[in-house]
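What follows is the content of work_1.cif (mmCIF, C-alpha atoms and all ligand atoms).
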```cif
data_target
#
loop_
_atom_site.label_atom_id
_atom_site.label_comp_id
_atom_site.auth_asym_id
_atom_site.auth_seq_id
_atom_site.Cartn_x
_atom_site.Cartn_y
_atom_site.Cartn_z
CA MET A 190 64.65 79.22 120.60
CA GLY A 191 64.05 81.81 123.30
CA TYR A 192 65.22 84.99 121.56
CA THR A 193 65.35 86.69 118.16
CA ALA A 194 68.17 88.88 116.87
CA ALA A 195 68.35 91.40 114.03
CA ILE A 196 71.69 92.11 112.36
CA ALA A 197 72.34 95.52 110.83
CA GLY A 198 75.33 95.33 108.49
CA ALA A 199 74.64 91.70 107.60
CA SER A 200 76.48 91.97 104.26
CA GLY A 201 79.76 92.96 105.99
CA TYR A 202 82.51 90.92 107.62
CA ALA A 203 81.40 91.46 111.21
CA GLY A 204 77.73 90.90 110.31
CA GLY A 205 78.62 87.72 108.43
CA GLU A 206 80.55 86.34 111.39
CA LEU A 207 77.68 87.18 113.74
CA LEU A 208 75.33 85.25 111.45
CA ARG A 209 77.70 82.26 111.25
CA LEU A 210 77.80 82.04 115.04
CA LEU A 211 74.09 82.71 115.55
CA LEU A 212 73.19 79.86 113.18
CA ASP A 213 74.74 77.50 115.76
CA HIS A 214 73.31 79.27 118.81
CA PRO A 215 70.61 77.17 120.49
CA GLU A 216 68.73 80.10 122.05
CA ILE A 217 68.88 82.92 119.48
CA GLU A 218 67.15 82.86 116.13
CA VAL A 219 68.21 85.09 113.22
CA GLY A 220 65.52 87.68 112.44
CA ALA A 221 65.95 90.72 110.17
CA VAL A 222 69.17 91.06 108.18
CA THR A 223 69.84 94.56 106.88
CA ALA A 224 72.43 96.46 104.84
CA GLY A 225 73.08 99.87 103.26
CA GLY A 226 73.50 100.14 99.49
CA ASN A 227 73.15 96.37 99.12
CA ALA A 228 69.64 96.32 100.62
CA GLY A 229 67.29 94.48 98.31
CA THR A 230 69.91 91.93 97.22
CA PRO A 231 70.15 88.31 98.42
CA LEU A 232 72.27 87.89 101.56
CA ILE A 233 73.88 84.81 99.98
CA GLU A 234 75.49 86.99 97.29
CA HIS A 235 77.55 88.65 100.03
CA GLN A 236 77.91 85.71 102.43
CA PRO A 237 78.20 82.60 100.21
CA HIS A 238 79.33 80.50 103.19
CA LEU A 239 75.99 81.00 105.00
CA ARG A 240 73.94 78.45 103.03
CA PRO A 241 71.19 78.06 105.67
CA LEU A 242 70.27 81.71 105.01
CA ALA A 243 70.15 81.31 101.22
CA ASP A 244 66.54 82.50 101.03
CA ARG A 245 67.12 85.80 102.86
CA ILE A 246 66.96 89.20 101.16
CA LEU A 247 68.79 92.11 102.81
CA ALA A 248 66.39 94.75 104.10
CA PRO A 249 67.24 98.45 104.41
CA THR A 250 68.72 99.44 107.77
CA THR A 251 65.77 101.21 109.38
CA VAL A 252 64.45 101.21 112.93
CA GLU A 253 61.24 99.66 111.64
CA GLU A 254 63.14 96.63 110.32
CA LEU A 255 65.20 96.25 113.51
CA ARG A 256 62.37 96.76 116.00
CA GLY A 257 60.53 93.76 117.45
CA HIS A 258 63.64 91.68 118.17
CA ASP A 259 65.10 90.85 121.58
CA VAL A 260 68.63 91.68 120.41
CA VAL A 261 69.82 94.12 117.74
CA TYR A 262 73.42 93.86 116.53
CA LEU A 263 74.83 96.96 114.87
CA ALA A 264 77.76 96.02 112.59
CA LEU A 265 77.83 99.34 110.77
CA PRO A 266 80.51 101.93 110.04
CA HIS A 267 81.41 104.19 112.98
CA GLY A 268 78.95 106.99 113.66
CA GLN A 269 75.80 105.16 112.54
CA SER A 270 74.76 103.55 115.81
CA ALA A 271 73.49 106.32 118.08
CA GLU A 272 70.56 107.42 115.93
CA ILE A 273 69.28 103.85 115.63
CA ALA A 274 69.91 102.91 119.28
CA GLU A 275 68.07 105.88 120.70
CA GLN A 276 64.91 104.83 118.87
CA LEU A 277 65.03 101.31 120.32
CA GLY A 278 63.63 100.88 123.83
CA ASP A 279 65.47 99.63 126.88
CA ASP A 280 63.62 96.34 126.50
CA VAL A 281 65.85 95.65 123.46
CA LEU A 282 69.46 94.58 123.97
CA VAL A 283 71.52 96.65 121.51
CA VAL A 284 75.06 95.41 120.83
CA ASP A 285 77.26 97.81 118.88
CA CYS A 286 80.27 96.31 117.08
CA GLY A 287 81.44 99.81 116.13
CA ALA A 288 83.44 102.22 118.23
CA ASP A 289 80.75 104.80 118.98
CA PHE A 290 80.13 103.96 122.64
CA ARG A 291 83.49 102.52 123.76
CA LEU A 292 85.32 105.57 125.06
CA THR A 293 84.41 107.36 128.27
CA ASP A 294 86.13 110.68 127.56
CA ALA A 295 84.40 112.93 125.01
CA ALA A 296 87.51 115.00 124.21
CA THR A 297 89.52 111.84 123.49
CA TRP A 298 86.74 110.55 121.23
CA GLU A 299 86.67 113.82 119.29
CA ARG A 300 90.46 113.84 118.93
CA PHE A 301 90.62 110.36 117.41
CA TYR A 302 87.29 110.13 115.54
CA GLY A 303 86.64 113.79 114.69
CA THR A 304 82.91 113.69 115.42
CA PRO A 305 80.80 114.53 118.50
CA HIS A 306 80.86 111.88 121.23
CA ALA A 307 77.67 109.77 121.29
CA GLY A 308 78.09 108.45 124.86
CA THR A 309 79.45 105.42 126.71
CA TRP A 310 77.89 101.97 127.04
CA PRO A 311 78.87 98.96 129.19
CA TYR A 312 82.04 97.56 127.68
CA GLY A 313 81.87 94.08 126.18
CA LEU A 314 85.03 92.51 127.55
CA PRO A 315 83.87 90.14 130.33
CA GLU A 316 87.44 89.17 131.25
CA LEU A 317 88.18 92.64 132.67
CA PRO A 318 87.84 92.81 136.47
CA GLY A 319 84.21 93.44 137.48
CA GLN A 320 83.00 93.62 133.89
CA ARG A 321 81.22 90.26 133.74
CA GLU A 322 78.93 91.36 136.55
CA ARG A 323 78.19 94.69 134.83
CA LEU A 324 77.29 92.94 131.60
CA THR A 325 74.67 90.76 133.26
CA GLU A 326 72.58 93.88 133.81
CA ALA A 327 73.26 95.56 130.47
CA HIS A 328 70.74 96.47 127.77
CA ARG A 329 73.40 98.26 125.71
CA ILE A 330 76.88 96.81 124.98
CA ALA A 331 79.88 98.39 123.23
CA VAL A 332 81.98 95.63 121.66
CA PRO A 333 85.75 96.41 121.94
CA GLY A 334 87.99 97.01 118.95
CA CYS A 335 89.80 93.87 117.84
CA HIS A 336 93.32 95.19 118.53
CA VAL A 337 92.04 96.37 121.89
CA THR A 338 90.75 92.97 122.97
CA VAL A 339 94.01 91.19 122.23
CA ALA A 340 96.31 93.87 123.69
CA THR A 341 94.17 94.20 126.81
CA LEU A 342 94.12 90.45 127.41
CA GLY A 343 97.85 90.26 126.71
CA LEU A 344 98.80 92.91 129.22
CA PHE A 345 96.28 93.27 131.98
CA PRO A 346 97.31 90.47 134.39
CA GLY A 347 100.83 91.91 134.64
CA LEU A 348 99.48 95.40 135.32
CA ALA A 349 96.73 94.30 137.71
CA GLU A 350 99.30 92.50 139.88
CA GLN A 351 101.76 95.42 139.59
CA LEU A 352 104.40 93.11 138.18
CA VAL A 353 105.29 95.62 135.45
CA GLU A 354 105.72 99.36 135.12
CA PRO A 355 102.93 101.07 133.15
CA ASP A 356 105.18 101.85 130.18
CA LEU A 357 103.80 99.61 127.46
CA THR A 358 104.68 98.64 123.90
CA VAL A 359 102.38 96.69 121.61
CA VAL A 360 103.25 95.60 118.07
CA ALA A 361 100.29 93.83 116.48
CA VAL A 362 100.34 91.99 113.17
CA THR A 363 96.83 91.91 111.75
CA GLY A 364 94.89 90.36 108.89
CA THR A 365 93.05 92.39 106.29
CA SER A 366 89.43 91.63 107.27
CA GLY A 367 89.84 94.03 110.20
CA ALA A 368 89.52 96.84 107.67
CA GLY A 369 86.05 95.71 106.52
CA LYS A 370 84.77 94.84 103.05
CA ALA A 371 84.54 98.28 101.52
CA PRO A 372 87.34 98.69 98.93
CA LYS A 373 90.39 100.61 100.20
CA PRO A 374 93.53 101.59 98.23
CA HIS A 375 95.95 99.96 100.67
CA LEU A 376 94.02 96.69 100.48
CA VAL A 377 94.40 96.15 96.74
CA GLY A 378 95.42 92.49 96.38
CA SER A 379 98.66 93.04 94.51
CA GLU A 380 99.84 95.56 97.10
CA VAL A 381 98.81 93.71 100.23
CA MET A 382 99.80 90.18 99.19
CA GLY A 383 103.56 90.68 99.19
CA ALA A 384 104.10 93.11 102.04
CA LEU A 385 103.93 93.72 105.77
CA SER A 386 102.89 97.36 106.24
CA PRO A 387 102.70 99.35 109.47
CA TYR A 388 99.92 101.90 109.80
CA GLY A 389 98.62 104.33 112.42
CA VAL A 390 102.24 104.63 113.60
CA GLY A 391 103.22 107.08 116.32
CA GLY A 392 100.18 106.91 118.57
CA LYS A 393 97.73 107.80 115.78
CA HIS A 394 95.66 104.64 115.68
CA ARG A 395 92.16 105.06 117.14
CA HIS A 396 92.60 101.95 119.27
CA ASN A 397 95.39 103.70 121.19
CA PRO A 398 93.06 105.53 123.60
CA GLU A 399 90.82 102.48 124.01
CA ILE A 400 93.73 100.24 125.05
CA ILE A 401 94.92 102.98 127.42
CA GLN A 402 91.42 103.36 128.88
CA ASN A 403 91.20 99.65 129.70
CA LEU A 404 94.70 99.32 131.10
CA THR A 405 94.57 102.53 133.14
CA ALA A 406 91.49 101.20 134.90
CA VAL A 407 93.21 97.88 135.62
CA ALA A 408 96.52 99.42 136.72
CA GLY A 409 94.87 102.08 138.90
CA GLN A 410 97.36 104.62 137.54
CA SER A 411 98.04 106.28 134.21
CA VAL A 412 99.79 104.18 131.59
CA SER A 413 101.80 105.14 128.53
CA LEU A 414 101.52 103.11 125.35
CA SER A 415 103.40 102.81 122.09
CA PHE A 416 101.09 100.86 119.77
CA THR A 417 102.08 99.85 116.22
CA PRO A 418 99.72 97.79 114.07
CA VAL A 419 101.15 95.99 111.03
CA LEU A 420 98.95 94.87 108.14
CA ALA A 421 99.76 91.35 106.93
CA PRO A 422 98.56 89.34 103.93
CA LEU A 423 96.21 87.01 105.77
CA PRO A 424 92.42 87.27 105.91
CA ARG A 425 91.89 86.79 109.66
CA GLY A 426 93.86 86.96 112.86
CA ILE A 427 95.90 89.27 115.07
CA LEU A 428 99.18 88.44 116.81
CA SER A 429 100.03 91.04 119.40
CA THR A 430 103.45 91.25 121.06
CA CYS A 431 103.16 93.25 124.26
CA THR A 432 106.04 94.29 126.51
CA ALA A 433 106.55 96.33 129.67
CA PRO A 434 109.48 96.91 132.09
CA LEU A 435 109.46 94.50 135.00
CA ALA A 436 108.83 96.00 138.43
CA PRO A 437 111.89 95.65 140.71
CA GLY A 438 112.58 92.10 141.87
CA VAL A 439 109.82 90.43 139.84
CA THR A 440 110.65 86.95 138.54
CA ALA A 441 109.50 84.94 135.55
CA ASP A 442 107.72 82.51 137.89
CA GLN A 443 105.70 85.32 139.46
CA VAL A 444 104.64 86.63 136.08
CA ARG A 445 103.61 83.23 134.84
CA ALA A 446 101.71 82.46 138.05
CA ALA A 447 99.78 85.74 137.71
CA TYR A 448 98.68 84.96 134.14
CA GLU A 449 97.72 81.41 135.00
CA ALA A 450 95.73 82.50 138.04
CA THR A 451 93.97 85.36 136.22
CA TYR A 452 92.82 83.18 133.36
CA ALA A 453 92.33 79.87 135.21
CA ASP A 454 88.54 80.09 135.08
CA GLU A 455 88.17 82.03 131.84
CA PRO A 456 86.35 79.96 129.23
CA PHE A 457 87.95 81.74 126.27
CA VAL A 458 91.49 82.67 127.29
CA ASP A 459 94.11 79.95 127.07
CA VAL A 460 97.49 80.44 128.72
CA LEU A 461 99.58 78.03 126.67
CA PRO A 462 101.98 75.50 128.19
CA GLU A 463 105.41 76.95 128.89
CA GLY A 464 107.54 77.15 125.77
CA THR A 465 104.55 77.15 123.37
CA TRP A 466 103.86 80.42 121.60
CA PRO A 467 100.54 81.65 120.24
CA ASN A 468 99.98 81.94 116.53
CA THR A 469 96.93 83.19 114.70
CA ALA A 470 96.07 79.79 113.18
CA MET A 471 95.38 78.22 116.58
CA THR A 472 92.49 80.65 117.14
CA LEU A 473 90.94 80.77 113.66
CA ALA A 474 87.12 80.80 113.79
CA ALA A 475 87.21 80.09 117.55
CA ASN A 476 86.17 82.52 120.27
CA THR A 477 89.50 82.08 121.99
CA THR A 478 92.56 84.15 122.79
CA ALA A 479 95.85 82.26 123.13
CA VAL A 480 98.37 83.86 125.51
CA GLN A 481 101.97 83.17 126.48
CA VAL A 482 104.20 85.22 128.75
CA THR A 483 107.86 85.27 129.74
CA VAL A 484 110.50 87.69 130.89
CA ASP A 485 113.51 88.93 128.97
CA PRO A 486 116.06 89.23 131.79
CA ASP A 487 118.61 91.20 129.77
CA ALA A 488 116.05 93.77 128.68
CA GLY A 489 114.34 93.73 132.09
CA ARG A 490 110.96 93.43 130.40
CA MET A 491 107.93 91.19 130.49
CA VAL A 492 107.03 89.87 127.04
CA ALA A 493 103.45 88.65 126.49
CA VAL A 494 102.22 87.40 123.13
CA ALA A 495 98.50 87.01 122.45
CA ALA A 496 96.58 85.87 119.37
CA LEU A 497 92.93 85.87 118.37
CA ASP A 498 90.68 85.83 115.34
CA ASN A 499 89.65 89.46 114.83
CA LEU A 500 86.23 88.47 113.52
CA THR A 501 85.47 85.88 116.22
CA LYS A 502 86.78 86.79 119.70
CA GLY A 503 87.78 90.18 118.26
CA THR A 504 84.23 91.11 117.18
CA ALA A 505 81.29 88.75 116.68
CA GLY A 506 82.23 86.05 119.18
CA GLY A 507 83.02 88.65 121.81
CA ALA A 508 79.68 90.29 121.04
CA LEU A 509 77.87 87.00 121.47
CA GLN A 510 79.74 86.18 124.69
CA SER A 511 78.54 89.47 126.18
CA THR A 512 75.04 88.90 124.77
CA ASN A 513 74.85 85.58 126.58
CA LEU A 514 75.69 87.31 129.85
CA ALA A 515 73.15 90.09 129.31
CA LEU A 516 70.41 87.57 128.46
CA GLY A 517 71.21 85.46 131.54
CA LEU A 518 72.40 82.52 129.43
CA PRO A 519 75.56 80.50 130.19
CA GLU A 520 78.39 82.66 128.90
CA ALA A 521 79.79 80.08 126.48
CA THR A 522 76.47 79.20 124.81
CA GLY A 523 76.89 78.67 121.07
CA LEU A 524 80.50 79.82 121.01
CA PRO A 525 83.21 77.71 119.34
CA ARG A 526 86.29 76.86 121.42
CA THR A 527 87.89 74.82 118.66
CA ALA A 528 89.88 76.44 115.86
CA VAL A 529 90.27 75.42 112.21
CA ALA A 530 93.59 73.99 111.03
CA PRO A 531 95.71 74.15 108.99
N1 LIG B 601 86.23 93.67 110.77
C1 LIG B 601 86.65 93.57 112.02
O1 LIG B 601 87.60 92.81 112.34
C2 LIG B 601 86.04 94.41 113.10
C3 LIG B 601 85.00 95.28 112.84
N2 LIG B 601 84.46 96.01 113.85
C4 LIG B 601 83.43 97.00 113.60
O2 LIG B 601 82.26 96.41 113.07
C5 LIG B 601 81.62 97.33 112.20
C6 LIG B 601 81.45 96.65 110.84
O3 LIG B 601 82.73 96.35 110.32
P1 LIG B 601 82.96 95.38 109.09
O4 LIG B 601 81.95 94.31 109.08
O5 LIG B 601 84.39 95.01 109.12
O6 LIG B 601 82.68 96.38 107.85
P2 LIG B 601 82.18 96.02 106.40
O7 LIG B 601 82.59 97.15 105.54
O8 LIG B 601 82.61 94.65 106.02
O9 LIG B 601 80.59 96.02 106.54
C7 LIG B 601 79.86 97.19 106.77
C8 LIG B 601 78.38 96.88 106.81
O10 LIG B 601 77.68 98.09 107.08
C9 LIG B 601 76.75 98.34 106.04
N3 LIG B 601 76.65 99.78 105.79
C10 LIG B 601 77.62 100.60 105.30
N4 LIG B 601 77.16 101.86 105.22
C11 LIG B 601 75.87 101.83 105.65
C12 LIG B 601 74.86 102.81 105.78
N5 LIG B 601 75.08 104.08 105.45
N6 LIG B 601 73.65 102.42 106.24
C13 LIG B 601 73.41 101.14 106.56
N7 LIG B 601 74.33 100.15 106.44
C14 LIG B 601 75.55 100.50 106.00
C15 LIG B 601 77.29 97.62 104.84
O11 LIG B 601 76.22 97.37 103.94
P3 LIG B 601 76.43 97.40 102.33
O12 LIG B 601 77.00 96.07 101.97
O13 LIG B 601 75.05 97.59 101.83
O14 LIG B 601 77.34 98.54 102.04
C16 LIG B 601 77.84 96.35 105.49
O15 LIG B 601 76.79 95.46 105.77
C17 LIG B 601 82.51 98.57 112.12
O16 LIG B 601 82.06 99.55 113.02
C18 LIG B 601 83.85 98.02 112.55
O17 LIG B 601 84.66 99.02 113.05
C19 LIG B 601 84.87 95.83 115.15
C20 LIG B 601 85.87 94.97 115.47
C21 LIG B 601 86.59 94.23 114.44
C1 LIG B 602 93.48 95.85 109.26
C2 LIG B 602 92.67 96.97 109.85
O1 LIG B 602 92.52 98.02 109.26
N1 LIG B 602 92.10 96.73 111.03
C3 LIG B 602 91.28 97.68 111.69
C4 LIG B 602 90.67 97.08 112.91
C5 LIG B 602 89.30 97.60 113.10
C6 LIG B 602 88.57 97.20 114.35
O2 LIG B 602 88.92 96.50 115.24
O3 LIG B 602 87.44 97.67 114.54
P1 LIG B 602 86.92 99.10 114.96
O4 LIG B 602 87.08 99.90 113.70
O5 LIG B 602 85.53 98.76 115.27
O6 LIG B 602 87.61 99.70 116.08
C7 LIG B 602 92.11 98.92 112.07
O7 LIG B 602 93.25 98.76 112.47
O8 LIG B 602 91.54 100.00 112.05
#
```
Re-express the file's structure as C-alpha cells.
Amino acid sequence: MGYTAAIAGASGYAGGELLRLLLDHPEIEVGAVTAGGNAGTPLIEHQPHLRPLADRILAPTTVEELRGHDVVYLALPHGQSAEIAEQLGDDVLVVDCGADFRLTDAATWERFYGTPHAGTWPYGLPELPGQRERLTEAHRIAVPGCHVTVATLGLFPGLAEQLVEPDLTVVAVTGTSGAGKAPKPHLVGSEVMGALSPYGVGGKHRHNPEIIQNLTAVAGQSVSLSFTPVLAPLPRGILSTCTAPLAPGVTADQVRAAYEATYADEPFVDVLPEGTWPNTAMTLAANTTAVQVTVDPDAGRMVAVAALDNLTKGTAGGALQSTNLALGLPEATGLPRTAVAP
C-alpha cells in the first residue's frame, strides 16, 4: 500500500461507499474514520456491510484526526469543508464530496446555498474536455453532485459537437440515498415507498447551476436548462432523461457517432448497443454510467438517457477515479466496472 486515506463522514452513505471501494483498492489504505454526533461509536454499527472494519471506532471530525494522511475525503454536510481544508497543507490531497467548492460564481453559490462562497477547486469529472489533465496536478478536488454527473455525461457530447441547440430539459428519477442518512420528513418509509415525487421543481434545485456551469463550458455559449428531479422508492440509482432541439440538418447517425466517438476511450462510460436503454440496475455498485441516445424526428429533439449509481460513479467512485489521477495511479485502479444484478 502506497497511500493512506482518512474519511470524514464515515458513518454516512457517501463515507460508507468510499470505505467499501477503498477496502478493494490496492494502493490506498483506510486510516482515520470520523463522524459528528456518532463519534465514539463503532463504525460497524453504522456500516454493517463493512465487516473488515469491524474493529474501528469513529473518531471526532477534527483536523488532528485527519492530518497525517496522504488523502482526506470529506463526506460531510455542505458548508463544513472549508474550515478543515484550509488547515491541511498542500501536501495532502483533499477530496470534497460536498458542494462547497464546485461552483465558480460566488453570486450563484449564494443564491442557491444561502451562505458565503468558500471558493472553487478542480472539478472531479475526468470525462469533461481537458479535465483529466487538470486533475493530474490537483491537490484539492470538488466531487460533482450526483444529478450533475449523470446529466452532464448524458448531454455534453451533443453540445460539444454543436449537434443540438443549448435549450435543455432533464428529468431525473433518483433513489433515496442521494438525500443522505439523516432523517427527513419526505423520506419516511410509508410516504416514499408508494410514490414518485418531484422536488426542486422550476429551476430551484441546487444542481441546476452546476449542470449549467458544466454544459456552458462545453458548449462555448450560454445554455438554458429545465431540470426536474423525481424521488423514487429505490435505495440507489439515477435515471436521467435529457433532451435538446436538434440543430438544423442533424441526423440520428451523426448524433450516435458523436456519442460513440466521445466515449470510445472512457473507462467508465458505456454507450449501449443501439436499441438497448439504460436502467439503474445495470450500474448498481459499479463506477459506470450507461448512456443511450437517439433522435425523435417528430419532436425535432435529441433524446439521451443516462443511468448511474449515485453513491458509486455519482459520489465515491467518481471521487476515487479523480483521486487515482491526482496520485498518478492508473485511473481505473480499484474501481468496479461490473454491476450487481438483479
Ligand atoms: N448521498 C449521495 O448520493 C451524495 C452525497 N454527496 C455529498 O456527500 C456528503 C455526505 O452525504 P451523505 O453521505 O449522503 O450524508 P449522510 O447524512 O449519510 O452522512 C453525513 C456524514 O457527515 C457526518 N456529519 C454530520 N454533521 C457533522 C458535523 N457537524 N461534524 C462532523 N461530521 C458531521 C455524519 O456523522 P454522524 O453520523 O455522526 O451524524 C455522517 O458521517 C454531502 O455533502 C452530500 O451532499 C454528493 C453526491 C451524492
Ligand atoms: C434524493 C435526493 O435528495 N438527492 C439529492 C442529491 C444530492 C447530491 O448529489 O449531492 P450534493 O448534495 O452533494 O450535491 C438531492 O437531490 O439533493
For Trp466 (chain A): contacts at 8 Å, only C-alpha atoms, fewer than 4 positions along chain excluded, given as a PyMOL selection string: chain A and resi 461+480-481+494
Exercise: residues within 8 Å of coordinate (109.9, 95.9, 139.8), counting only C-alpha atoms, as a compact mmCIF listing (two decimals) with C-alpha atoms, in the frame of the given file:
```
# COMPACT_ATOMS: atom_id res chain seq x y z
CA LEU A 352 104.40 93.11 138.18
CA VAL A 353 105.29 95.62 135.45
CA GLU A 354 105.72 99.36 135.12
CA PRO A 434 109.48 96.91 132.09
CA LEU A 435 109.46 94.50 135.00
CA ALA A 436 108.83 96.00 138.43
CA PRO A 437 111.89 95.65 140.71
CA GLY A 438 112.58 92.10 141.87
CA VAL A 439 109.82 90.43 139.84
```
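Across the model, the gap from CA of Thr512 (chain A) to CA of Glu218 (chain A) is 13.2 Å.
Shortest atom-to-atom contact with Leu210 (chain A) among A:Glu520, A:Arg256, A:Thr501, A:Gly313: A:Thr501, counting all atoms listed in the file.
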Write out as a Markdown table the residues of chain A that have any atom within 7 Å of an atom of ligand LIG 602 (chain B), one row each with the nearest atom pair and its distance in Å to one decimal, counting all atoms listed in the file, sorted by chain and then rising number.
```
| residue | atom | partner | partner_atom | distance |
| --- | --- | --- | --- | --- |
| A:Cys286 | CA | B:LIG602 | O5 | 6.1 |
| A:Gly287 | CA | B:LIG602 | O5 | 4.3 |
| A:Ala288 | CA | B:LIG602 | O5 | 5.0 |
| A:Pro333 | CA | B:LIG602 | O6 | 7.0 |
| A:Gly334 | CA | B:LIG602 | O2 | 3.9 |
| A:Cys335 | CA | B:LIG602 | O2 | 3.8 |
| A:His336 | CA | B:LIG602 | O2 | 5.6 |
| A:Thr363 | CA | B:LIG602 | C1 | 5.7 |
| A:Gly364 | CA | B:LIG602 | C1 | 5.7 |
| A:Thr365 | CA | B:LIG602 | C1 | 4.6 |
| A:Ser366 | CA | B:LIG602 | C1 | 6.2 |
| A:Gly367 | CA | B:LIG602 | N1 | 3.6 |
| A:Ala368 | CA | B:LIG602 | O1 | 3.6 |
| A:His396 | CA | B:LIG602 | O6 | 6.3 |
| A:Pro418 | CA | B:LIG602 | O7 | 6.7 |
| A:Leu420 | CA | B:LIG602 | C1 | 5.7 |
```
Within 7 Å of ligand LIG 601 (chain B): each chain A residue with its shortest pair, only C-alpha atoms and all ligand atoms, as CSV:
```
residue,atom,partner,partner_atom,distance
A:Ala197,CA,B:LIG601,N7,6.7
A:Gly198,CA,B:LIG601,O15,3.1
A:Ala199,CA,B:LIG601,O15,4.7
A:Ser200,CA,B:LIG601,O15,3.8
A:Gly201,CA,B:LIG601,O9,3.2
A:Tyr202,CA,B:LIG601,O4,3.7
A:Ala203,CA,B:LIG601,O4,3.6
A:Gly204,CA,B:LIG601,O4,5.6
A:Ala224,CA,B:LIG601,O11,4.0
A:Gly225,CA,B:LIG601,O13,3.3
A:Gly226,CA,B:LIG601,O13,3.8
A:Asn227,CA,B:LIG601,O13,3.5
A:Ala228,CA,B:LIG601,O13,5.7
A:Thr250,CA,B:LIG601,C13,5.1
A:Ala264,CA,B:LIG601,C5,4.1
A:Leu265,CA,B:LIG601,O10,3.9
A:Pro266,CA,B:LIG601,O16,4.1
A:His267,CA,B:LIG601,O16,4.7
A:Cys286,CA,B:LIG601,O2,4.5
A:Gly287,CA,B:LIG601,O16,3.2
A:Ala288,CA,B:LIG601,O16,6.0
A:Pro333,CA,B:LIG601,C20,6.6
A:Gly334,CA,B:LIG601,C20,4.6
A:Cys335,CA,B:LIG601,C21,4.7
A:Ser366,CA,B:LIG601,N1,5.2
A:Gly367,CA,B:LIG601,O1,3.3
A:Ala368,CA,B:LIG601,N1,5.5
A:Gly369,CA,B:LIG601,O5,3.2
A:Lys370,CA,B:LIG601,O8,3.7
A:Ala371,CA,B:LIG601,O7,4.6
A:Asn499,CA,B:LIG601,O1,4.7
A:Leu500,CA,B:LIG601,O1,4.7
A:Gly503,CA,B:LIG601,C21,5.7
A:Thr504,CA,B:LIG601,C20,4.5
```
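What separates CA of Asp454 (chain A) from CA of Arg526 (chain A) is a distance of 14.2 Å.
Distance-wise, CA of Ile217 (chain A) and CA of Asp459 (chain A) end up 26.5 Å apart.
Closest approach to Leu247 (chain A) among A:Ser511, A:Thr223, A:Thr417, A:Gln269: A:Thr223, based on all atoms listed in the file.
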All residues 10 Å or closer to region 301-303 of chain A, all atoms listed in the file, same chain fewer than 2 positions away omitted, as a PyMOL selection string: chain A and resi 267-268+288-289+296-299+305-306+393-398
Residues near Val219 (chain A), cut-off 9 Å, only C-alpha atoms, skip fewer than 6 positions along chain, as a PyMOL selection string: chain A and resi 192-196+208+211-212
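Restricting the calculation to all atoms listed in the file, the smallest distance between Ile400 (chain A) and any of A:Gly257, A:Gly507, A:Gly343, A:Pro456 is found for A:Gly343.
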